[in-house]
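Trainee: Hey, dropping work_13.txt in here, compact mmCIF, C-alpha atoms:
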# COMPACT_ATOMS: atom_id res chain seq x y z
CA MET Z 295 0.00 0.00 0.00
CA SER Z 296 1.18 3.50 -0.76
CA LEU Z 297 0.04 6.95 0.28
CA TYR Z 298 -0.62 9.22 -2.72
CA LEU Z 299 0.06 12.93 -2.28
CA ASP Z 300 -1.83 15.31 -4.51
CA THR Z 301 -0.55 18.80 -5.23
CA SER Z 302 -2.29 20.48 -2.32
CA VAL Z 303 -0.73 18.08 0.18
CA LEU Z 304 2.67 18.16 -1.51
CA LEU Z 305 2.74 21.96 -1.20
CA LYS Z 306 2.11 21.70 2.54
CA VAL Z 307 5.52 20.04 2.80
CA PHE Z 308 7.27 23.06 1.29
CA PHE Z 309 5.10 26.01 2.36
CA ASN Z 310 4.02 26.81 5.89
CA GLU Z 311 0.28 26.35 5.51
CA PRO Z 312 -2.50 25.29 7.82
CA GLU Z 313 -2.04 21.59 8.51
CA SER Z 314 1.62 21.56 7.36
CA ALA Z 315 2.72 20.16 10.73
CA LYS Z 316 0.03 17.47 10.66
CA THR Z 317 1.01 16.61 7.08
CA ALA Z 318 4.66 16.21 8.10
CA VAL Z 319 3.66 13.81 10.88
CA LEU Z 320 1.52 11.71 8.53
CA ILE Z 321 4.23 11.59 5.88
CA GLY Z 322 6.79 10.62 8.51
CA ARG Z 323 4.74 7.52 9.36
CA GLU Z 324 4.46 6.25 5.80
CA PRO Z 325 6.85 3.64 4.37
CA HIS Z 326 5.94 4.50 0.76
CA ILE Z 327 4.59 7.72 -0.74
CA THR Z 328 3.63 8.15 -4.38
CA VAL Z 329 3.67 11.52 -6.14
CA SER Z 330 2.65 11.78 -9.79
CA SER Z 331 4.57 13.77 -12.34
CA LEU Z 332 1.40 15.85 -12.74
CA ALA Z 333 1.37 16.74 -9.02
CA ARG Z 334 5.07 17.67 -9.30
CA LEU Z 335 4.34 19.91 -12.29
CA GLU Z 336 1.39 21.56 -10.54
CA ALA Z 337 3.55 22.21 -7.47
CA LEU Z 338 6.18 23.89 -9.64
CA VAL Z 339 3.46 26.01 -11.26
CA GLN Z 340 2.21 27.07 -7.81
CA ILE Z 341 5.73 28.09 -6.82
CA GLN Z 342 5.91 30.27 -9.92
CA ARG Z 343 2.49 31.70 -9.06
CA HIS Z 344 3.86 32.71 -5.66
CA VAL Z 345 6.72 34.51 -7.42
CA ALA Z 346 4.36 36.28 -9.82
CA ALA Z 347 2.18 37.40 -6.91
CA ALA Z 348 5.27 38.67 -5.06
CA LEU Z 349 4.65 36.23 -2.21
CA VAL Z 350 8.03 34.56 -2.70
CA ARG Z 351 11.27 35.97 -4.09
CA ALA Z 352 12.89 34.29 -7.09
CA GLU Z 353 15.81 33.02 -5.00
CA MET Z 354 13.46 31.32 -2.56
CA ALA Z 355 11.49 29.82 -5.46
CA ASP Z 356 14.72 28.36 -6.85
CA ARG Z 357 15.46 26.77 -3.47
CA LEU Z 358 11.91 25.38 -3.25
CA ARG Z 359 12.17 23.85 -6.73
CA GLN Z 360 15.49 22.26 -5.79
CA GLN Z 361 14.02 20.93 -2.54
CA ILE Z 362 11.13 19.35 -4.43
CA GLU Z 363 13.47 17.67 -6.91
CA ILE Z 364 15.71 16.33 -4.13
CA ARG Z 365 12.87 15.22 -1.86
CA LEU Z 366 11.10 13.30 -4.62
CA GLN Z 367 14.25 11.26 -5.24
CA LEU Z 368 14.53 10.14 -1.61
CA ALA Z 369 12.70 7.44 0.29
CA PRO Z 370 9.86 7.12 1.08
CA PHE Z 371 8.89 9.11 -2.02
CA GLU Z 372 8.37 7.61 -5.45
CA LEU Z 373 7.76 9.88 -8.43
CA ARG Z 374 5.49 8.14 -10.93
CA LYS Z 375 5.04 9.37 -14.48
CA CYS Z 376 1.49 9.95 -15.56
CA PRO Z 377 0.52 8.10 -18.72
CA ALA Z 378 0.32 10.30 -21.80
CA THR Z 379 -3.40 9.60 -22.13
CA LEU Z 380 -4.21 10.94 -18.66
CA ILE Z 381 -5.04 14.48 -19.80
CA GLU Z 382 -7.20 13.24 -22.67
CA THR Z 383 -9.11 10.95 -20.32
CA ALA Z 384 -9.63 13.75 -17.79
CA GLU Z 385 -10.83 16.14 -20.49
CA LYS Z 386 -13.36 13.58 -21.72
CA GLN Z 387 -14.60 13.03 -18.18
CA ILE Z 388 -15.07 16.77 -17.63
CA ALA Z 389 -17.21 16.93 -20.75
CA SER Z 390 -19.48 14.15 -19.49
CA PRO Z 391 -22.64 15.43 -17.77
CA THR Z 392 -22.73 12.35 -15.50
CA THR Z 393 -19.16 12.49 -14.20
CA TYR Z 394 -18.32 14.09 -10.88
CA CYS Z 395 -14.64 14.53 -9.92
Take the structure from the file and write it as structure tokens.
Mentor:
Amino acid sequence: MSLYLDTSVLLKVFFNEPESAKTAVLIGREPHITVSSLARLEALVQIQRHVAAALVRAEMADRLRQQIEIRLQLAPFELRKCPATLIETAEKQIASPTTYC
């Protein structure tokens, strides 16, 4: 079994947000954590958004990006590539009137 971190949870590891401490405790208990390449990309986009909004300086953003890259290469993290068809599948699901989430 593996714990999957989505982007919102992954960002709590690198930004001091509500529930960051609780997130750190939960992650510390897990023997295996999966992060998708899409979640990684979205986290990098959010870091750039923080720079654009002047919430984080460029130097700090560079350090955060480096920390993400390093952390995702270390245990218990496993970075998994999303299949190329993932976006197409998601777009089709959004267009369906019966699909939620």
Trainee: Neighbours of Ala333 of chain Z within 8 Å (only C-alpha atoms; same-chain residues fewer than 2 positions away dropped), as an MDAnalysis selection string?
Mentor: chainID Z and resid 299:301 304 329:331 335:337
Trainee: For a test of reading the model, state the distance in Å between atom CA of Leu305 of chain Z and atom CA of Arg334 of chain Z, rounded to one decimal.
Mentor: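 Computing the Euclidean distance for atom CA of Leu305 of chain Z and atom CA of Arg334 of chain Z yields 9.5 Å.
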Trainee: Skip Glu353 of chain Z itself and residues of its chain fewer than 6 positions away, then list as a PyMOL selection string all residues within 12 Å of it, counting only C-alpha atoms.
Mentor: chain Z and resi 341-342+344-345+359-360
Trainee: Find the residue from Z:Val307, Z:Leu332, Z:Thr317, Z:Pro377 that sits nearest to Arg365 of chain Z; use all atoms listed in the file when measuring.
Mentor: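 Looking at the shortest contact to Arg365 of chain Z, the residue is Z:Val307.
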Trainee: Report, in Å with one decimal, the straight-line distance from atom CA of Arg343 of chain Z to atom CA of Phe309 of chain Z.
Mentor: 13.0 Å
Trainee: To one decimal place in Å, what is the distance between atom CA of Gly322 of chain Z and atom CA of Arg374 of chain Z?
Mentor: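 Computed distance, atom CA of Gly322 of chain Z to atom CA of Arg374 of chain Z, equals 19.6 Å.
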Trainee: Restricting the calculation to all atoms listed in the file, which member of Z:Ser296, Z:Ser302, Z:Asn310, Z:Gln340 is positioned closest to Glu324 of chain Z?
Mentor: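 For Glu324 of chain Z, the nearest of the given residues is Z:Ser296.
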Trainee: Determine, counting all atoms listed in the file, which protein, DNA and RNA residues have an atom within 8 Å of an atom of Leu297 of chain Z; residues of the same chain fewer than 6 positions away are not included. Present the result as a PyMOL selection string.
Mentor: chain Z and resi 324+326-328
Trainee: May I ask which of the residues Z:Pro325, Z:Met295, Z:Ile362, Z:Asp356 is the closest one to Phe308 of chain Z, counting only C-alpha atoms?
Mentor: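 Smallest separation from Phe308 of chain Z among the options: Z:Ile362.
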Trainee: Can you work out which one of Z:Pro370, Z:Lys375, Z:Lys386, Z:Ile381 has the shortest atom-to-atom distance to Arg323 of chain Z, counting only C-alpha atoms?
Mentor: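 Selected residue with least distance to Arg323 of chain Z: Z:Pro370.
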Trainee: As a tab-separated table (two decimals), in the frame of the given file, please: segment 362-383 of chain Z completed to N, CA, C and O atoms.
Mentor:
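Printed below is out08.tsv as written:
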chain	number	residue	atom	x	y	z
Z	362	ILE	N	12.10	20.30	-3.89
Z	362	ILE	CA	11.13	19.35	-4.43
Z	362	ILE	C	11.84	18.26	-5.21
Z	362	ILE	O	11.58	17.07	-5.03
Z	363	GLU	N	12.75	18.65	-6.08
Z	363	GLU	CA	13.47	17.67	-6.91
Z	363	GLU	C	14.25	16.69	-6.04
Z	363	GLU	O	14.23	15.48	-6.28
Z	364	ILE	N	14.92	17.20	-5.02
Z	364	ILE	CA	15.71	16.33	-4.13
Z	364	ILE	C	14.80	15.42	-3.33
Z	364	ILE	O	15.02	14.21	-3.25
Z	365	ARG	N	13.76	15.99	-2.72
Z	365	ARG	CA	12.87	15.22	-1.86
Z	365	ARG	C	12.21	14.07	-2.62
Z	365	ARG	O	12.08	12.97	-2.10
Z	366	LEU	N	11.81	14.33	-3.86
Z	366	LEU	CA	11.10	13.30	-4.62
Z	366	LEU	C	12.01	12.17	-5.08
Z	366	LEU	O	11.53	11.15	-5.57
Z	367	GLN	N	13.31	12.33	-4.90
Z	367	GLN	CA	14.25	11.26	-5.24
Z	367	GLN	C	14.63	10.41	-4.03
Z	367	GLN	O	15.31	9.41	-4.15
Z	368	LEU	N	14.17	10.83	-2.84
Z	368	LEU	CA	14.53	10.14	-1.61
Z	368	LEU	C	13.37	9.31	-1.08
Z	368	LEU	O	12.20	9.66	-1.27
Z	369	ALA	N	13.71	8.24	-0.37
Z	369	ALA	CA	12.70	7.44	0.29
Z	369	ALA	C	12.04	8.29	1.37
Z	369	ALA	O	12.69	9.15	1.95
Z	370	PRO	N	10.78	8.13	1.59
Z	370	PRO	CA	9.86	7.12	1.08
Z	370	PRO	C	9.14	7.54	-0.20
Z	370	PRO	O	8.18	6.90	-0.60
Z	371	PHE	N	9.59	8.60	-0.85
Z	371	PHE	CA	8.89	9.11	-2.02
Z	371	PHE	C	9.21	8.32	-3.28
Z	371	PHE	O	10.34	7.87	-3.48
Z	372	GLU	N	8.20	8.18	-4.12
Z	372	GLU	CA	8.37	7.61	-5.45
Z	372	GLU	C	7.63	8.52	-6.43
Z	372	GLU	O	6.42	8.73	-6.30
Z	373	LEU	N	8.36	9.04	-7.39
Z	373	LEU	CA	7.76	9.88	-8.43
Z	373	LEU	C	7.32	8.96	-9.56
Z	373	LEU	O	8.13	8.21	-10.11
Z	374	ARG	N	6.04	9.00	-9.87
Z	374	ARG	CA	5.49	8.14	-10.93
Z	374	ARG	C	5.03	9.01	-12.09
Z	374	ARG	O	4.31	9.98	-11.90
Z	375	LYS	N	5.46	8.64	-13.28
Z	375	LYS	CA	5.04	9.37	-14.48
Z	375	LYS	C	3.59	9.07	-14.78
Z	375	LYS	O	3.14	7.93	-14.69
Z	376	CYS	N	2.87	10.12	-15.13
Z	376	CYS	CA	1.49	9.95	-15.56
Z	376	CYS	C	1.49	9.45	-16.99
Z	376	CYS	O	2.29	9.91	-17.80
Z	377	PRO	N	0.58	8.55	-17.32
Z	377	PRO	CA	0.52	8.10	-18.72
Z	377	PRO	C	0.11	9.26	-19.63
Z	377	PRO	O	-0.62	10.17	-19.21
Z	378	ALA	N	0.59	9.22	-20.84
Z	378	ALA	CA	0.32	10.30	-21.80
Z	378	ALA	C	-1.17	10.51	-22.04
Z	378	ALA	O	-1.60	11.62	-22.35
Z	379	THR	N	-1.96	9.50	-21.86
Z	379	THR	CA	-3.40	9.60	-22.13
Z	379	THR	C	-4.18	10.19	-20.96
Z	379	THR	O	-5.39	10.41	-21.07
Z	380	LEU	N	-3.52	10.47	-19.85
Z	380	LEU	CA	-4.21	10.94	-18.66
Z	380	LEU	C	-4.99	12.23	-18.91
Z	380	LEU	O	-6.16	12.33	-18.54
Z	381	ILE	N	-4.37	13.19	-19.55
Z	381	ILE	CA	-5.04	14.48	-19.80
Z	381	ILE	C	-6.24	14.28	-20.71
Z	381	ILE	O	-7.32	14.83	-20.46
Z	382	GLU	N	-6.08	13.50	-21.76
Z	382	GLU	CA	-7.20	13.24	-22.67
Z	382	GLU	C	-8.37	12.59	-21.93
Z	382	GLU	O	-9.51	12.97	-22.13
Z	383	THR	N	-8.07	11.63	-21.09
Z	383	THR	CA	-9.11	10.95	-20.32
Z	383	THR	C	-9.82	11.94	-19.39
Z	383	THR	O	-11.05	11.96	-19.31
